[in-house]
Structure formats: structure tokens, C-alpha cells
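Student: One structure, as C-alpha cells, below. Some questions next.
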Amino acid sequence: MCAKVYSFAESVEVANSVGKHILKLQKSAIASSDSFKIALSGGSLGNVLKKALIDNTSIASEVQWDKWEVYFSDERLVPLDHPDSNYGLFNELVLKNLPSGTKHPSLHVIDESLLTGKDGQAAGADSDKDKQIAEAYAASLPQDAKFDLILLGCGPDGHTCSLFPGHKLLNERDQLIAYISDSPKLPPRRITFTFPVLERATAIAFVAEGAGKAAILKDIFGDESSKLPSKLVNDISGVEVSWFVDNSAVEGVRVITSKY
Ligand SMILES: O=C1O[C@H](COP(=O)(O)O)[C@@H](O)[C@H](O)[C@H]1O
């Protein structure tokens, strides 16, 4: 495992370093393909992106939004304006705060018309519809499902995307996007990138902050035999994997950290 870990005392430093990393990868992607294909996660990453891409005006001025192709590494099967939507979080925290006149990125979101039931959550999960949503999202992926950067979170249980510890989707090799109807974290119905997509990325960056993440990071970085989803991402060969963390998240974790 050779993931690089960047650690900082303050949350704002974590965010600024994530912002600089995004700019570095944006630059090389635009130079080679005139577009930046990035996948975002939900959860705590939303606030990090706001601090990096909106509040830090120096970073914000260098973001070439019109060249961005934005995808979501996982999405909850709820309407896009629902508080649980990962797109909705990015929209509220980042897109709605872009200065007026900014050309927005191209956004790749789930097909809302396929959602069923109250608030998009069917009383009984409609697996046919959820499968269709996953297939439609897979069809919208970039050529060869290759991302310049995938930004991930790591849950306190070690999950990433909507790939949960011990879940059968960890072994999914045929589908690029899979649906899950039994997510242990609510809401239960979601779609998610699978390992074949993560393995094709140029770069993957995790963001994890707070003492609540320290116990799982000990397993991820300290137990070579761990099968936690985030550890399995660290083990992917040929992909540059980085972690942006605060000092409390790596308190007691045996790992060499650097400044970005
Ligand atoms: O449910 C989810 O959780 C993970 C981790 O979230 P965090 O708040 O612990 O950072 C997130 O990366 C994923 O996109 C989301 O759907």
C-alpha cells in the first residue's frame, strides 16, 4: 500500500490542500483532454468543497468550471432537491454560491423520472427501477469510465462510495455502477461506483476529518489484511491514492504523514 497521507492541524488547511490538489489535476486533465472529469462524494466532503472552491478566493479564481464534467461516486435514490441527495448537497454548498455569471460545470445526475414512491423512496424497494437508474448512470460515464480525479469520503465503518464492509458489491466486476437496496447507512437505496471504475481513475483522494475517524483509520493503515472498502481502495495499484486528513483523524494511527 503506498497511499500518501497529508495531515493538518486545522480543517481549513485540509480544505485548502484538497483545493490545491484539485487544481493540480484540473491543469493536467485540461492540458491533455480539454476537460476535467471529476467524481464527488457526499457527506462531510460537501463542506470541504465549499471551503476550498468558494471560500478560498485564490483557489476559486483558478477553477475552470466550464471544463468540469461532474459525476457522483455514489448517489442516494431520492429526488435531487432532497436533503439526502449527494448532488443536492453539492448544489446547495457550492453551485448556488458560485459568483453570478460563472459558467456552471456539466453535471451528471441520476434520472429522477425513474424514482418511485413518496420522496422518491418506494415503500418496498423497486429493484427494477433502481437497476435502470444504475444502468442509465453507467451509460453516462466518461469514455472508458476513466476519471481524472475521484474524491471520496470514508465513513466511520470504513465504507466509501456506497460500498460497505462485507457487502457483496465489493466483489462486483461486471457492472460499473451498481444499485444497493440494503445500505446499512440511511437512506437504504442508492447507486454506487464499483471497483472497476475506481481502478481506472488517474487519481483518487480521500478526505477524512475528526477524532471519530481515528479508530477506523487505525484498521485501514495498520492492518495489512483488512478488507475494509477504504483499505481495498488504498491497495489499488496504478492509481495515485492520497488522503487529506486532520491531525485528530490520524491520532494514534501508524502512518507517515506529509504537508501538501
Ligand atoms: O453515505 C455516505 O457516506 C460517505 C462518508 O461520509 P462522511 O460524512 O463520513 O464523510 C460519503 O463519502 C458518501 O458519498 C455518502 O453517500
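Identifiers for the C-alpha cells are assigned positionally: chains receive A, B, ... in sequence, residues are indexed from 1 per chain, and ligands are indexed from 1 in the order shown.
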Name the residues of stretch 32-232 of chain A that come out as alpha helix (DSSP H) in a backbone DSSP run; write them as a ChimeraX atom specification.

Tutor: /A:32-33,45-50,57-60,86-93,127-139,195-198,214-222,229-232

Student: Restricting it to N, CA and C atoms, dump the selection as a short mmCIF file (atom, residue, chain, number, x, y, z; two decimals), in the first residue's frame.

Tutor:
```cif
data_model
loop_
_atom_site.label_atom_id
_atom_site.label_comp_id
_atom_site.auth_asym_id
_atom_site.auth_seq_id
_atom_site.Cartn_x
_atom_site.Cartn_y
_atom_site.Cartn_z
N SER A 32 -4.43 17.79 -21.35
CA SER A 32 -4.42 16.60 -22.22
C SER A 32 -5.76 16.34 -22.91
N SER A 33 -6.89 16.77 -22.32
CA SER A 33 -8.17 16.41 -22.97
C SER A 33 -9.16 17.57 -23.04
N LEU A 45 -17.69 15.72 2.81
CA LEU A 45 -16.93 16.33 1.71
C LEU A 45 -17.56 17.64 1.22
N GLY A 46 -18.89 17.74 1.34
CA GLY A 46 -19.58 18.94 0.85
C GLY A 46 -19.00 20.22 1.44
N ASN A 47 -18.81 20.25 2.74
CA ASN A 47 -18.29 21.46 3.38
C ASN A 47 -16.83 21.72 3.01
N VAL A 48 -16.08 20.64 2.82
CA VAL A 48 -14.67 20.79 2.41
C VAL A 48 -14.63 21.46 1.04
N LEU A 49 -15.50 21.02 0.14
CA LEU A 49 -15.52 21.60 -1.21
C LEU A 49 -15.93 23.07 -1.16
N LYS A 50 -16.86 23.40 -0.27
CA LYS A 50 -17.26 24.81 -0.16
C LYS A 50 -16.07 25.66 0.31
N THR A 57 -10.72 32.38 -2.08
CA THR A 57 -10.91 33.11 -3.34
C THR A 57 -9.76 32.91 -4.30
N SER A 58 -8.57 32.63 -3.75
CA SER A 58 -7.42 32.43 -4.65
C SER A 58 -7.59 31.11 -5.42
N ILE A 59 -8.02 30.06 -4.72
CA ILE A 59 -8.29 28.79 -5.41
C ILE A 59 -9.49 28.95 -6.35
N ALA A 60 -10.55 29.59 -5.81
CA ALA A 60 -11.79 29.75 -6.59
C ALA A 60 -11.51 30.41 -7.95
N ASN A 86 -26.75 13.55 -2.71
CA ASN A 86 -25.35 14.00 -2.78
C ASN A 86 -25.20 15.13 -3.79
N TYR A 87 -25.92 15.03 -4.91
CA TYR A 87 -25.92 16.18 -5.84
C TYR A 87 -26.49 17.41 -5.14
N GLY A 88 -27.60 17.20 -4.41
CA GLY A 88 -28.27 18.32 -3.74
C GLY A 88 -27.33 19.04 -2.78
N LEU A 89 -26.50 18.28 -2.09
CA LEU A 89 -25.53 18.85 -1.15
C LEU A 89 -24.53 19.74 -1.91
N PHE A 90 -24.01 19.22 -3.01
CA PHE A 90 -23.05 19.99 -3.82
C PHE A 90 -23.71 21.25 -4.39
N ASN A 91 -24.96 21.09 -4.79
CA ASN A 91 -25.70 22.23 -5.34
C ASN A 91 -25.87 23.32 -4.29
N GLU A 92 -26.30 22.91 -3.09
CA GLU A 92 -26.55 23.89 -2.01
C GLU A 92 -25.27 24.58 -1.58
N LEU A 93 -24.20 23.78 -1.40
CA LEU A 93 -22.98 24.33 -0.79
C LEU A 93 -22.05 24.98 -1.80
N SER A 127 -36.60 -2.79 -7.29
CA SER A 127 -35.26 -3.11 -7.78
C SER A 127 -35.13 -2.95 -9.29
N ASP A 128 -36.23 -3.15 -10.03
CA ASP A 128 -36.14 -2.97 -11.49
C ASP A 128 -35.81 -1.53 -11.83
N LYS A 129 -36.52 -0.61 -11.14
CA LYS A 129 -36.29 0.82 -11.39
C LYS A 129 -34.88 1.21 -10.96
N ASP A 130 -34.45 0.71 -9.81
CA ASP A 130 -33.13 1.08 -9.30
C ASP A 130 -32.03 0.55 -10.22
N LYS A 131 -32.28 -0.63 -10.78
CA LYS A 131 -31.32 -1.20 -11.74
C LYS A 131 -31.25 -0.31 -12.98
N GLN A 132 -32.43 0.16 -13.41
CA GLN A 132 -32.46 1.06 -14.58
C GLN A 132 -31.69 2.36 -14.30
N ILE A 133 -31.87 2.87 -13.08
CA ILE A 133 -31.17 4.12 -12.72
C ILE A 133 -29.65 3.88 -12.79
N ALA A 134 -29.22 2.74 -12.24
CA ALA A 134 -27.79 2.42 -12.26
C ALA A 134 -27.28 2.25 -13.70
N GLU A 135 -28.08 1.56 -14.52
CA GLU A 135 -27.64 1.35 -15.92
C GLU A 135 -27.57 2.66 -16.69
N ALA A 136 -28.57 3.53 -16.45
CA ALA A 136 -28.57 4.82 -17.15
C ALA A 136 -27.36 5.65 -16.70
N TYR A 137 -27.04 5.58 -15.41
CA TYR A 137 -25.89 6.36 -14.93
C TYR A 137 -24.60 5.79 -15.52
N ALA A 138 -24.51 4.46 -15.60
CA ALA A 138 -23.32 3.83 -16.19
C ALA A 138 -23.14 4.28 -17.64
N ALA A 139 -24.28 4.42 -18.34
CA ALA A 139 -24.20 4.81 -19.75
C ALA A 139 -23.72 6.25 -19.90
N PHE A 195 -15.68 -1.20 -7.93
CA PHE A 195 -14.22 -1.19 -8.02
C PHE A 195 -13.69 -1.04 -9.45
N PRO A 196 -14.32 -1.63 -10.47
CA PRO A 196 -13.78 -1.43 -11.82
C PRO A 196 -13.68 0.05 -12.22
N VAL A 197 -14.56 0.91 -11.70
CA VAL A 197 -14.44 2.35 -12.01
C VAL A 197 -13.29 2.95 -11.20
N LEU A 198 -13.24 2.63 -9.91
CA LEU A 198 -12.18 3.19 -9.06
C LEU A 198 -10.80 2.80 -9.61
N ALA A 214 -10.60 8.19 13.69
CA ALA A 214 -9.29 7.65 14.06
C ALA A 214 -9.30 6.13 14.20
N ALA A 215 -10.35 5.58 14.82
CA ALA A 215 -10.37 4.13 15.06
C ALA A 215 -10.35 3.36 13.73
N ILE A 216 -11.13 3.83 12.76
CA ILE A 216 -11.18 3.07 11.50
C ILE A 216 -9.90 3.28 10.70
N LEU A 217 -9.31 4.49 10.82
CA LEU A 217 -8.04 4.72 10.10
C LEU A 217 -6.93 3.84 10.66
N LYS A 218 -7.03 3.53 11.97
CA LYS A 218 -6.05 2.59 12.55
C LYS A 218 -6.13 1.25 11.83
N ASP A 219 -7.34 0.77 11.57
CA ASP A 219 -7.50 -0.51 10.86
C ASP A 219 -7.03 -0.39 9.41
N ILE A 220 -7.43 0.71 8.76
CA ILE A 220 -7.12 0.86 7.34
C ILE A 220 -5.61 0.92 7.11
N PHE A 221 -4.90 1.65 7.98
CA PHE A 221 -3.46 1.82 7.78
C PHE A 221 -2.61 0.84 8.60
N GLY A 222 -3.25 0.19 9.60
CA GLY A 222 -2.45 -0.66 10.49
C GLY A 222 -2.64 -2.14 10.27
N PRO A 229 -13.60 -1.51 2.81
CA PRO A 229 -13.64 -0.92 1.47
C PRO A 229 -12.58 0.16 1.24
N SER A 230 -12.38 1.06 2.21
CA SER A 230 -11.39 2.13 2.00
C SER A 230 -9.98 1.57 1.93
N LYS A 231 -9.71 0.50 2.65
CA LYS A 231 -8.39 -0.14 2.59
C LYS A 231 -8.21 -0.79 1.21
N LEU A 232 -9.28 -1.39 0.68
CA LEU A 232 -9.18 -2.02 -0.64
C LEU A 232 -8.89 -0.97 -1.71
#
```

Student: Using DSSP secondary structure from the backbone, list all strand (DSSP E or B) positions within stretch 149-235 of chain A, as a PDB file with C-alpha atoms, in the first residue's frame.

Tutor:
```pdb
ATOM      1  CA  LEU A 149      -9.984  12.550 -10.031  1.00  0.00           C
ATOM      2  CA  ILE A 150     -12.401  10.738  -7.728  1.00  0.00           C
ATOM      3  CA  LEU A 151     -12.942  12.432  -4.365  1.00  0.00           C
ATOM      4  CA  LEU A 152     -14.020  10.024  -1.648  1.00  0.00           C
ATOM      5  CA  GLY A 153     -15.135  10.086   1.952  1.00  0.00           C
ATOM      6  CA  THR A 160     -16.523   4.548   0.770  1.00  0.00           C
ATOM      7  CA  LEU A 163     -19.502   0.185  -0.823  1.00  0.00           C
ATOM      8  CA  ILE A 177     -22.458   1.296 -11.487  1.00  0.00           C
ATOM      9  CA  ALA A 178     -24.461  -0.917  -9.150  1.00  0.00           C
ATOM     10  CA  TYR A 179     -27.589  -0.345  -7.117  1.00  0.00           C
ATOM     11  CA  ILE A 180     -27.856  -1.215  -3.452  1.00  0.00           C
ATOM     12  CA  ARG A 190     -28.503   4.081  -3.558  1.00  0.00           C
ATOM     13  CA  ILE A 191     -26.311   3.631  -6.615  1.00  0.00           C
ATOM     14  CA  THR A 192     -22.539   3.448  -6.417  1.00  0.00           C
ATOM     15  CA  PHE A 193     -19.326   3.278  -8.402  1.00  0.00           C
ATOM     16  CA  ALA A 203      -6.144   9.817  -9.059  1.00  0.00           C
ATOM     17  CA  ILE A 204      -8.283   9.152  -6.005  1.00  0.00           C
ATOM     18  CA  ALA A 205      -8.294  11.405  -2.950  1.00  0.00           C
ATOM     19  CA  PHE A 206      -9.959  10.648   0.373  1.00  0.00           C
ATOM     20  CA  VAL A 207     -10.923  13.356   2.831  1.00  0.00           C
ATOM     21  CA  ALA A 208     -11.432  12.326   6.473  1.00  0.00           C
TER      22      ALA A 208
END
```

Student: May I have the residues within 7 Å of ligand 1, computed using only C-alpha atoms and all ligand atoms, as a list in words?

Tutor: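 Those residues are Ser41, Gly42, Gly43, Ser44, Leu45, Ser73, Asp74, Glu75, Arg76, Asn86, Leu152, Gly153, Cys154, Gly155, Pro156, His159, Thr160, Cys161, Ser162, Lys185 and Ala208 of chain A.
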
Student: Write the residues you've just listed into a file as a PDB file, in the first residue's frame, and include N, CA and C atoms for each of them.

Tutor:
```pdb
ATOM      1  N   SER A  41     -18.141  12.873  -3.822  1.00  0.00           N
ATOM      2  CA  SER A  41     -18.931  12.102  -2.865  1.00  0.00           C
ATOM      3  C   SER A  41     -19.824  13.063  -2.090  1.00  0.00           C
ATOM      4  N   GLY A  42     -20.604  12.496  -1.182  1.00  0.00           N
ATOM      5  CA  GLY A  42     -21.463  13.343  -0.344  1.00  0.00           C
ATOM      6  C   GLY A  42     -20.881  13.440   1.054  1.00  0.00           C
ATOM      7  N   GLY A  43     -21.756  13.526   2.041  1.00  0.00           N
ATOM      8  CA  GLY A  43     -21.316  13.566   3.435  1.00  0.00           C
ATOM      9  C   GLY A  43     -20.470  14.790   3.745  1.00  0.00           C
ATOM     10  N   SER A  44     -19.435  14.576   4.573  1.00  0.00           N
ATOM     11  CA  SER A  44     -18.628  15.701   5.057  1.00  0.00           C
ATOM     12  C   SER A  44     -17.831  16.382   3.947  1.00  0.00           C
ATOM     13  N   LEU A  45     -17.687  15.724   2.808  1.00  0.00           N
ATOM     14  CA  LEU A  45     -16.926  16.328   1.708  1.00  0.00           C
ATOM     15  C   LEU A  45     -17.565  17.639   1.219  1.00  0.00           C
ATOM     16  N   SER A  73     -19.797   9.763  -7.098  1.00  0.00           N
ATOM     17  CA  SER A  73     -19.266   8.408  -6.911  1.00  0.00           C
ATOM     18  C   SER A  73     -20.314   7.491  -6.280  1.00  0.00           C
ATOM     19  N   ASP A  74     -21.254   8.100  -5.576  1.00  0.00           N
ATOM     20  CA  ASP A  74     -22.448   7.366  -5.162  1.00  0.00           C
ATOM     21  C   ASP A  74     -23.577   8.377  -5.046  1.00  0.00           C
ATOM     22  N   GLU A  75     -24.789   7.873  -5.150  1.00  0.00           N
ATOM     23  CA  GLU A  75     -25.941   8.774  -5.021  1.00  0.00           C
ATOM     24  C   GLU A  75     -27.076   8.037  -4.336  1.00  0.00           C
ATOM     25  N   ARG A  76     -27.732   8.774  -3.460  1.00  0.00           N
ATOM     26  CA  ARG A  76     -28.890   8.208  -2.783  1.00  0.00           C
ATOM     27  C   ARG A  76     -30.099   8.334  -3.718  1.00  0.00           C
ATOM     28  N   ASN A  86     -26.745  13.546  -2.713  1.00  0.00           N
ATOM     29  CA  ASN A  86     -25.349  13.996  -2.781  1.00  0.00           C
ATOM     30  C   ASN A  86     -25.201  15.135  -3.789  1.00  0.00           C
ATOM     31  N   LEU A 152     -13.262  10.964  -2.479  1.00  0.00           N
ATOM     32  CA  LEU A 152     -14.020  10.024  -1.648  1.00  0.00           C
ATOM     33  C   LEU A 152     -14.050  10.438  -0.187  1.00  0.00           C
ATOM     34  N   GLY A 153     -15.091  10.010   0.499  1.00  0.00           N
ATOM     35  CA  GLY A 153     -15.135  10.086   1.952  1.00  0.00           C
ATOM     36  C   GLY A 153     -14.877   8.689   2.499  1.00  0.00           C
ATOM     37  N   CYS A 154     -14.673   8.611   3.796  1.00  0.00           N
ATOM     38  CA  CYS A 154     -14.502   7.311   4.458  1.00  0.00           C
ATOM     39  C   CYS A 154     -15.382   7.339   5.701  1.00  0.00           C
ATOM     40  N   GLY A 155     -16.405   6.514   5.712  1.00  0.00           N
ATOM     41  CA  GLY A 155     -17.309   6.503   6.869  1.00  0.00           C
ATOM     42  C   GLY A 155     -16.620   5.902   8.092  1.00  0.00           C
ATOM     43  N   PRO A 156     -17.195   6.112   9.279  1.00  0.00           N
ATOM     44  CA  PRO A 156     -16.598   5.559  10.497  1.00  0.00           C
ATOM     45  C   PRO A 156     -16.538   4.033  10.503  1.00  0.00           C
ATOM     46  N   HIS A 159     -16.582   2.444   5.128  1.00  0.00           N
ATOM     47  CA  HIS A 159     -17.194   2.409   3.785  1.00  0.00           C
ATOM     48  C   HIS A 159     -16.727   3.609   2.974  1.00  0.00           C
ATOM     49  N   THR A 160     -16.790   3.426   1.665  1.00  0.00           N
ATOM     50  CA  THR A 160     -16.523   4.548   0.770  1.00  0.00           C
ATOM     51  C   THR A 160     -17.422   4.358  -0.441  1.00  0.00           C
ATOM     52  N   CYS A 161     -17.716   5.447  -1.190  1.00  0.00           N
ATOM     53  CA  CYS A 161     -18.825   5.425  -2.154  1.00  0.00           C
ATOM     54  C   CYS A 161     -20.015   4.853  -1.369  1.00  0.00           C
ATOM     55  N   SER A 162     -20.804   3.948  -1.952  1.00  0.00           N
ATOM     56  CA  SER A 162     -21.783   3.195  -1.147  1.00  0.00           C
ATOM     57  C   SER A 162     -21.375   1.730  -1.151  1.00  0.00           C
ATOM     58  N   LYS A 185     -26.299   2.337   6.068  1.00  0.00           N
ATOM     59  CA  LYS A 185     -26.476   3.750   6.436  1.00  0.00           C
ATOM     60  C   LYS A 185     -27.665   4.261   5.638  1.00  0.00           C
ATOM     61  N   ALA A 208     -10.875  12.847   5.217  1.00  0.00           N
ATOM     62  CA  ALA A 208     -11.432  12.326   6.473  1.00  0.00           C
ATOM     63  C   ALA A 208     -10.988  13.225   7.618  1.00  0.00           C
TER      64      ALA A 208
END
```

Student: Tell me which of A:Ser113, A:Val70, A:Gly158, A:Val94 sits closest to A:Asn234, counting only C-alpha atoms.

Tutor: A:Gly158

Student: Taking only C-alpha atoms into account, name the residue in A:Ala39, A:Asn16, A:Gln175, A:Asp55 that is nearest to A:Val109.

Tutor: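 Nearest candidate to A:Val109 out of A:Ala39, A:Asn16, A:Gln175, A:Asp55: A:Ala39.
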
Student: Atom CA of A:Ser85 and atom CA of A:Pro184, how far apart in Å?

Tutor: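 We find that atom CA of A:Pro184 and atom CA of A:Ser85 lie 16.5 Å from each other.
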
Student: Name the residues in contact with A:Glu69 at a cut-off of 7 Å, using only C-alpha atoms, excluding same-chain residues fewer than 4 positions from it; report them as a count of residues only.

Tutor: 6

Student: Any idea what's packed within 8 Å of A:Tyr6, counting only C-alpha atoms, ignoring anything in its chain fewer than 4 positions away? Could you give it as a list in words?

Tutor: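 Answer for this query is Ser242, Trp243, Phe244, Val245, Thr257, Ser258, Lys259 and Tyr260 of chain A.
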
Student: Take the residues from that selection and write them out as a PDB file, in the first residue's frame, keeping C-alpha atoms.

Tutor:
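See selection-v7.pdb below for the written result:
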```pdb
ATOM      1  CA  SER A 242      -3.997  10.356  -1.423  1.00  0.00           C
ATOM      2  CA  TRP A 243      -5.588  11.061   1.941  1.00  0.00           C
ATOM      3  CA  PHE A 244      -6.274  14.573   3.226  1.00  0.00           C
ATOM      4  CA  VAL A 245      -6.880  14.398   6.961  1.00  0.00           C
ATOM      5  CA  THR A 257       2.148  11.997   7.122  1.00  0.00           C
ATOM      6  CA  SER A 258       3.330  14.894   4.950  1.00  0.00           C
ATOM      7  CA  LYS A 259       2.319  18.503   4.318  1.00  0.00           C
ATOM      8  CA  TYR A 260       0.932  19.160   0.849  1.00  0.00           C
TER       9      TYR A 260
END
```

Student: Which of these residues is nearest to A:Ala201, using only C-alpha atoms: A:Glu224, A:Glu62, A:Asp84, A:Asp148?

Tutor: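 For A:Ala201, the nearest of the given residues is A:Asp148.
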
Student: Could you check the closest approach to A:Gln26 for each of A:Asn247, A:Thr202, A:Ser183, A:Ser11 and tell me which residue wins, using only C-alpha atoms?

Tutor: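 Closest to A:Gln26, using only C-alpha atoms: A:Thr202.
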
Student: Please compute the atom CA of A:Val239-atom CA of A:Phe164 distance, one decimal, in Å.

Tutor: 20.9 Å

Student: What separation in Å, quoted to one decimal, exists between atom CA of A:Gly19 and atom CA of A:Leu53?

Tutor: 6.4 Å

Student: Restricting the calculation to only C-alpha atoms, which member of A:Arg254, A:Ala249, A:Glu199, A:His108 is positioned closest to A:Val233?

Tutor: A:Glu199

Student: Which is closest to A:Lys227 among A:Ala15, A:Ala52, A:Leu170, A:Leu95, if we use only C-alpha atoms?

Tutor: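 For A:Lys227, the nearest of the candidates is A:Leu170.
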